[in-house]
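Input: a single structure, listed below in structure tokens.
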4 protein chains.
Amino acid sequence: MFVFRIDSGSGVPPYLQLVQQVRQAVLLGFLKHGDRLPLIREVAETVAINPNTVAKAYRQLEQEGLVTGRPGTGTFVNETPAATISPATYTSLQRGLETWLGRARAAGLDEQAINALFTAAVNQAKNENIA
Amino acid sequence: MFVFRIDSGSGVPPYLQLVQQVRQAVLLGFLKHGDRLPLIREVAETVAINPNTVAKAYRQLEQEGLVTGRPGTGTFVNETPAATISPATYTSLQRGLETWLGRARAAGLDEQAINALFTAAVNQAKNENIA
Amino acid sequence: MFVFRIDSGSGVPPYLQLVQQVRQAVLLGFLKHGDRLPLIREVAETVAINPNTVAKAYRQLEQEGLVTGRPGTGTFVNETPAATISPATYTSLQRGLETWLGRARAAGLDEQAINALFTAAVNQAKNENIA
Amino acid sequence: MFVFRIDSGSGVPPYLQLVQQVRQAVLLGFLKHGDRLPLIREVAETVAINPNTVAKAYRQLEQEGLVTGRPGTGTFVNETPAATISPATYTSLQRGLETWLGRARAAGLDEQAINALFTAAVNQAKNENIA
DNA sequence: GTGGTCTAGACCACG
DNA sequence: GTGGTCTAGACCACA
């Protein structure tokens, strides 16, 4: 089953967090064609936000063509455009990240610092590309 | 010089992005005690947002005690609480991340997919802690 | 100035009527690049619906790429993809329709009957294409 | 035989589309006193909607007095109030519309644009009446 | 004062 | 009982 997670301190609107999580899950293969998203009312209950907010997120996903809402039945994932990477390289990358995270945590970095390092690294690469 | 970067598609309010970037820069040692932040007008111009928005970000940083605005002179970084990790482990972690990013990009992942992997890994660790 | 019109008896959700009217206005050249749509609160007042409903319509138009909402300023029409027909043929067709409508009304048909004739004619053509 | 047609992108609820189509057909003389509407199951199958939805449409038509359901036999059209226009002027108007539609299509207008022109013309007339 | 988001609660169309 | 829409009213980010 798919589980949502809201970070209320990030400044990102909750409905957008839901949208991004579904997008990522589809991208990474956690959600596939035909899978049913959790019911709107379920999500609203588990993450403690208003059902309308969840509905707004689902509506946007539908407009993006990622899912289809069927009244009386639920909301279902549409055919994904294409599998981007092979499962092997995917799990390899995943393992690499996990060991790195382990080292970072062992060194005493909290989540905030880890995120800072990550975004700094990503942006540095971007700047090099520009230059 | 310190450079700001606004991601208008992330959903995070621009003023918060500025705040977070300064916080991260201080945390990672890019900004140290006595460094001057860019002028409000400069920032407003380079990232194309309203000066009021930049001023709001600086105001919040001042309220957090991270910086001090000196009218007519600029905004300066206060004494940082303490660097928690040694520079050696820090650069080691940084290098590790960069090589990982290189592998990910070589495998054909775009920024979106990389972010997805990263947040998934971080959240997975969280879930394990909870369980 | 652009004026909205809500037909509350048609069964079409009000927000969709607004969306369709803007789409048509852009398509017919009544709204051009840079034009400002009426303020959300204005529309809500003139057509007597909730501001949120108008906002929902504008949001959808923004997602379709037709307009751009600028907080503090208003909502503006984006560059139109392309002018589809020459103004000459356009006005010619317009005149033709008007004379036809005049004949229909002179014959005693009310709006309901006129709409019935129109949709019947359009659908008939469709069926012929299918067959 | 009478054929229904559902436009799922119009925003009009399917059951209402059925109701409107029967109303129009009666108004234009396509359906006359004693004609039998298609069976609910047939309609549900051909237009791919739930039988309950069709039943709801038929129920509403019965409440309007347009048709009468005879259990085990079918649903039949009641006596129509009166044909308001002569068949001659009717077919004349119909021909006029068809030639106009032909010109519009020849000019390169798609269905969306044609509808836009039509509703614009109708509404313009309305505004003139108000003014 | 502008658009954007969230909440609360109601009603409807559909299965 | 499902998703979809509307209303009412509040708060926030932005110009």
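Ligands are numbered from 1 in the order shown, chains are lettered A, B, ... in the order of the structure tokens, and residues start at 1 in each chain.
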
Within 10 Å of Thr53 of chain C using only C-alpha atoms (C1' of nucleotides), minus same-chain residues under 5 positions, as a PyMOL selection string: (chain C and resi 13-16+18+40+43-44+58-59) or (chain F and resi 5-7)

Residues from last step as file, N, CA, C and O atoms (P, O5', C5', C4', C3', O3' and C1' of nucleotides), as a PDB file, in the first residue's frame:
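Output file again03.pdb follows:
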```
ATOM      1  N   PRO C  13     -21.041  22.756 -14.678  1.00  0.00           N
ATOM      2  CA  PRO C  13     -20.561  23.431 -13.475  1.00  0.00           C
ATOM      3  C   PRO C  13     -20.126  24.857 -13.780  1.00  0.00           C
ATOM      4  O   PRO C  13     -19.443  25.084 -14.787  1.00  0.00           O
ATOM      5  N   PRO C  14     -20.511  25.795 -12.949  1.00  0.00           N
ATOM      6  CA  PRO C  14     -20.172  27.205 -13.179  1.00  0.00           C
ATOM      7  C   PRO C  14     -18.703  27.446 -13.477  1.00  0.00           C
ATOM      8  O   PRO C  14     -18.366  28.196 -14.390  1.00  0.00           O
ATOM      9  N   TYR C  15     -17.821  26.791 -12.730  1.00  0.00           N
ATOM     10  CA  TYR C  15     -16.402  27.052 -12.966  1.00  0.00           C
ATOM     11  C   TYR C  15     -16.006  26.643 -14.389  1.00  0.00           C
ATOM     12  O   TYR C  15     -15.201  27.295 -15.043  1.00  0.00           O
ATOM     13  N   LEU C  16     -16.631  25.579 -14.885  1.00  0.00           N
ATOM     14  CA  LEU C  16     -16.324  25.124 -16.244  1.00  0.00           C
ATOM     15  C   LEU C  16     -16.862  26.098 -17.279  1.00  0.00           C
ATOM     16  O   LEU C  16     -16.262  26.302 -18.331  1.00  0.00           O
ATOM     17  N   LEU C  18     -17.022  29.297 -16.953  1.00  0.00           N
ATOM     18  CA  LEU C  18     -16.042  30.386 -17.018  1.00  0.00           C
ATOM     19  C   LEU C  18     -14.837  29.963 -17.861  1.00  0.00           C
ATOM     20  O   LEU C  18     -14.374  30.704 -18.735  1.00  0.00           O
ATOM     21  N   ILE C  40     -10.880  38.375  -9.741  1.00  0.00           N
ATOM     22  CA  ILE C  40     -11.675  37.285  -9.191  1.00  0.00           C
ATOM     23  C   ILE C  40     -12.868  37.810  -8.410  1.00  0.00           C
ATOM     24  O   ILE C  40     -14.000  37.355  -8.575  1.00  0.00           O
ATOM     25  N   VAL C  43     -15.639  39.249 -10.708  1.00  0.00           N
ATOM     26  CA  VAL C  43     -16.441  38.215 -11.345  1.00  0.00           C
ATOM     27  C   VAL C  43     -17.403  37.615 -10.336  1.00  0.00           C
ATOM     28  O   VAL C  43     -18.592  37.438 -10.616  1.00  0.00           O
ATOM     29  N   ALA C  44     -16.871  37.284  -9.152  1.00  0.00           N
ATOM     30  CA  ALA C  44     -17.708  36.665  -8.129  1.00  0.00           C
ATOM     31  C   ALA C  44     -18.919  37.541  -7.840  1.00  0.00           C
ATOM     32  O   ALA C  44     -20.035  37.034  -7.626  1.00  0.00           O
ATOM     33  N   TYR C  58      -9.873  30.113 -12.871  1.00  0.00           N
ATOM     34  CA  TYR C  58      -8.638  30.782 -13.288  1.00  0.00           C
ATOM     35  C   TYR C  58      -7.442  29.844 -13.122  1.00  0.00           C
ATOM     36  O   TYR C  58      -6.522  29.832 -13.935  1.00  0.00           O
ATOM     37  N   ARG C  59      -7.456  29.076 -12.030  1.00  0.00           N
ATOM     38  CA  ARG C  59      -6.369  28.138 -11.790  1.00  0.00           C
ATOM     39  C   ARG C  59      -6.292  27.121 -12.922  1.00  0.00           C
ATOM     40  O   ARG C  59      -5.216  26.793 -13.410  1.00  0.00           O
TER      41      ARG C  59
ATOM     42  P    DT F   5     -15.193  18.672 -10.801  1.00  0.00           P
ATOM     43  O5'  DT F   5     -16.242  19.497  -9.926  1.00  0.00           O
ATOM     44  C5'  DT F   5     -17.609  19.459 -10.279  1.00  0.00           C
ATOM     45  C4'  DT F   5     -18.390  20.254  -9.259  1.00  0.00           C
ATOM     46  C3'  DT F   5     -17.886  21.693  -9.063  1.00  0.00           C
ATOM     47  O3'  DT F   5     -18.884  22.573  -9.572  1.00  0.00           O
ATOM     48  C1'  DT F   5     -18.440  20.637  -7.005  1.00  0.00           C
ATOM     49  P    DC F   6     -18.660  24.129  -9.515  1.00  0.00           P
ATOM     50  O5'  DC F   6     -19.231  24.512  -8.085  1.00  0.00           O
ATOM     51  C5'  DC F   6     -20.639  24.529  -7.892  1.00  0.00           C
ATOM     52  C4'  DC F   6     -20.917  24.925  -6.450  1.00  0.00           C
ATOM     53  C3'  DC F   6     -20.355  26.299  -6.078  1.00  0.00           C
ATOM     54  O3'  DC F   6     -21.440  27.204  -5.894  1.00  0.00           O
ATOM     55  C1'  DC F   6     -19.956  24.640  -4.382  1.00  0.00           C
ATOM     56  P    DT F   7     -21.150  28.711  -5.434  1.00  0.00           P
ATOM     57  O5'  DT F   7     -21.126  28.640  -3.845  1.00  0.00           O
ATOM     58  C5'  DT F   7     -22.193  27.995  -3.164  1.00  0.00           C
ATOM     59  C4'  DT F   7     -21.994  28.142  -1.674  1.00  0.00           C
ATOM     60  C3'  DT F   7     -21.488  29.527  -1.239  1.00  0.00           C
ATOM     61  O3'  DT F   7     -22.317  30.016  -0.209  1.00  0.00           O
ATOM     62  C1'  DT F   7     -20.122  27.796  -0.337  1.00  0.00           C
TER      63       DT F   7
END
```

Calculate how many Å separate atom CA of Arg41 of chain C from atom CA of Gly11 of chain C, rounding to one decimal.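 Going from atom CA of Arg41 of chain C over to atom CA of Gly11 of chain C covers 23.5 Å.
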
Pull the closest atom pair for each residue of chain B that gets at most 6 Å from chain A, along with the distance in Å to one decimal, counting only C-alpha atoms, ordering rows by chain and then ascending residue number, as a tab-separated table.
```
residue	atom	partner	partner_atom	distance
B:Gly11	CA	A:Val12	CA	5.4
B:Val12	CA	A:Val12	CA	4.8
B:Gln24	CA	A:Ala116	CA	5.3
B:Ala116	CA	A:Gln24	CA	5.3
```

Show me a table, sorted first by chain and then by increasing residue number, of the residues of chain A having an atom at most 7 Å from chain E, each with its shortest atom pair and the distance in Å to one decimal, counting only C-alpha atoms (C1' of nucleotides) and written as JSON lines.
```
{"residue": "A:Asn50", "atom": "CA", "partner": "E:DT7", "partner_atom": "C1'", "distance": 6.6}
{"residue": "A:Pro71", "atom": "CA", "partner": "E:DC14", "partner_atom": "C1'", "distance": 5.8}
{"residue": "A:Gly72", "atom": "CA", "partner": "E:DG15", "partner_atom": "C1'", "distance": 5.0}
```

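The list of chain F residues within 7 Å of chain A is DG1, DT2 and DG3 of chain F; this uses only C-alpha atoms (C1' of nucleotides).
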
Could you turn the residues from that selection into a file that holds N, CA and C atoms (P, O5', C5', C4', C3', O3' and C1' of nucleotides), as a short mmCIF file (atom, residue, chain, number, x, y, z; two decimals), in the first residue's frame?
```
data_model
loop_
_atom_site.label_atom_id
_atom_site.label_comp_id
_atom_site.auth_asym_id
_atom_site.auth_seq_id
_atom_site.Cartn_x
_atom_site.Cartn_y
_atom_site.Cartn_z
P DG F 1 -21.16 3.27 3.98
"O5'" DG F 1 -20.04 3.59 2.90
"C5'" DG F 1 -19.54 2.51 2.11
"C4'" DG F 1 -18.93 3.07 0.87
"C3'" DG F 1 -18.01 4.27 1.10
"O3'" DG F 1 -16.93 4.18 0.19
"C1'" DG F 1 -19.64 4.85 -0.43
P DT F 2 -15.58 4.91 0.40
"O5'" DT F 2 -15.27 5.54 -1.01
"C5'" DT F 2 -15.07 4.70 -2.16
"C4'" DT F 2 -15.27 5.53 -3.41
"C3'" DT F 2 -14.63 6.91 -3.37
"O3'" DT F 2 -13.30 6.85 -3.84
"C1'" DT F 2 -16.83 6.96 -4.34
P DG F 3 -12.39 8.12 -3.64
"O5'" DG F 3 -12.90 9.08 -4.78
"C5'" DG F 3 -12.54 8.81 -6.13
"C4'" DG F 3 -13.32 9.74 -7.04
"C3'" DG F 3 -12.76 11.16 -7.12
"O3'" DG F 3 -12.87 11.62 -8.46
"C1'" DG F 3 -15.00 11.22 -6.42
#
```

Would you mind writing down, as a list in words, each residue of segment 10-105 of chain B that DSSP on the backbone assigns to strand (DSSP E)?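 Result set for segment 10-105 of chain B (strand (DSSP E)): Val67, Thr68, Gly69, Arg70, Gly74, Thr75, Phe76 and Val77 of chain B.
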
Hey, what does DSSP flag as alpha helix (DSSP H) within segment 60-96 of chain D? Can you give it to me as a list in words? Gln60, Leu61, Glu62, Gln63, Pro87, Ala88, Thr89, Tyr90, Thr91, Ser92, Leu93, Gln94, Arg95 and Gly96 of chain D

So that I can see what lies close to Val47 of chain B, please list as a short mmCIF file (atom, residue, chain, number, x, y, z; two decimals) with C-alpha atoms, in the first residue's frame the residues with an atom at most 10 Å from it, counting only C-alpha atoms (C1' of nucleotides) and leaving out residues fewer than 5 positions away in the same chain.
```
data_model
loop_
_atom_site.label_atom_id
_atom_site.label_comp_id
_atom_site.auth_asym_id
_atom_site.auth_seq_id
_atom_site.Cartn_x
_atom_site.Cartn_y
_atom_site.Cartn_z
CA VAL B 3 24.45 33.75 -4.69
CA PHE B 4 20.76 33.07 -4.24
CA ARG B 5 18.74 30.74 -6.41
CA ILE B 6 14.96 30.64 -6.66
CA ASP B 7 13.14 27.54 -7.86
CA PRO B 14 10.41 32.62 -2.48
CA GLU B 42 20.98 43.30 -5.63
CA VAL B 54 13.87 39.89 0.09
#
```

Computed interatomic separation between atom CA of Val22 of chain A and atom CA of Glu79 of chain A (Å):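 Calculated distance between atom CA of Val22 of chain A and atom CA of Glu79 of chain A is 13.7 Å.
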
Mind pulling up the distance from atom CA of Arg36 of chain B to atom CA of Pro87 of chain B?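 About the pair atom CA of Pro87 of chain B and atom CA of Arg36 of chain B: they are 22.5 Å apart.
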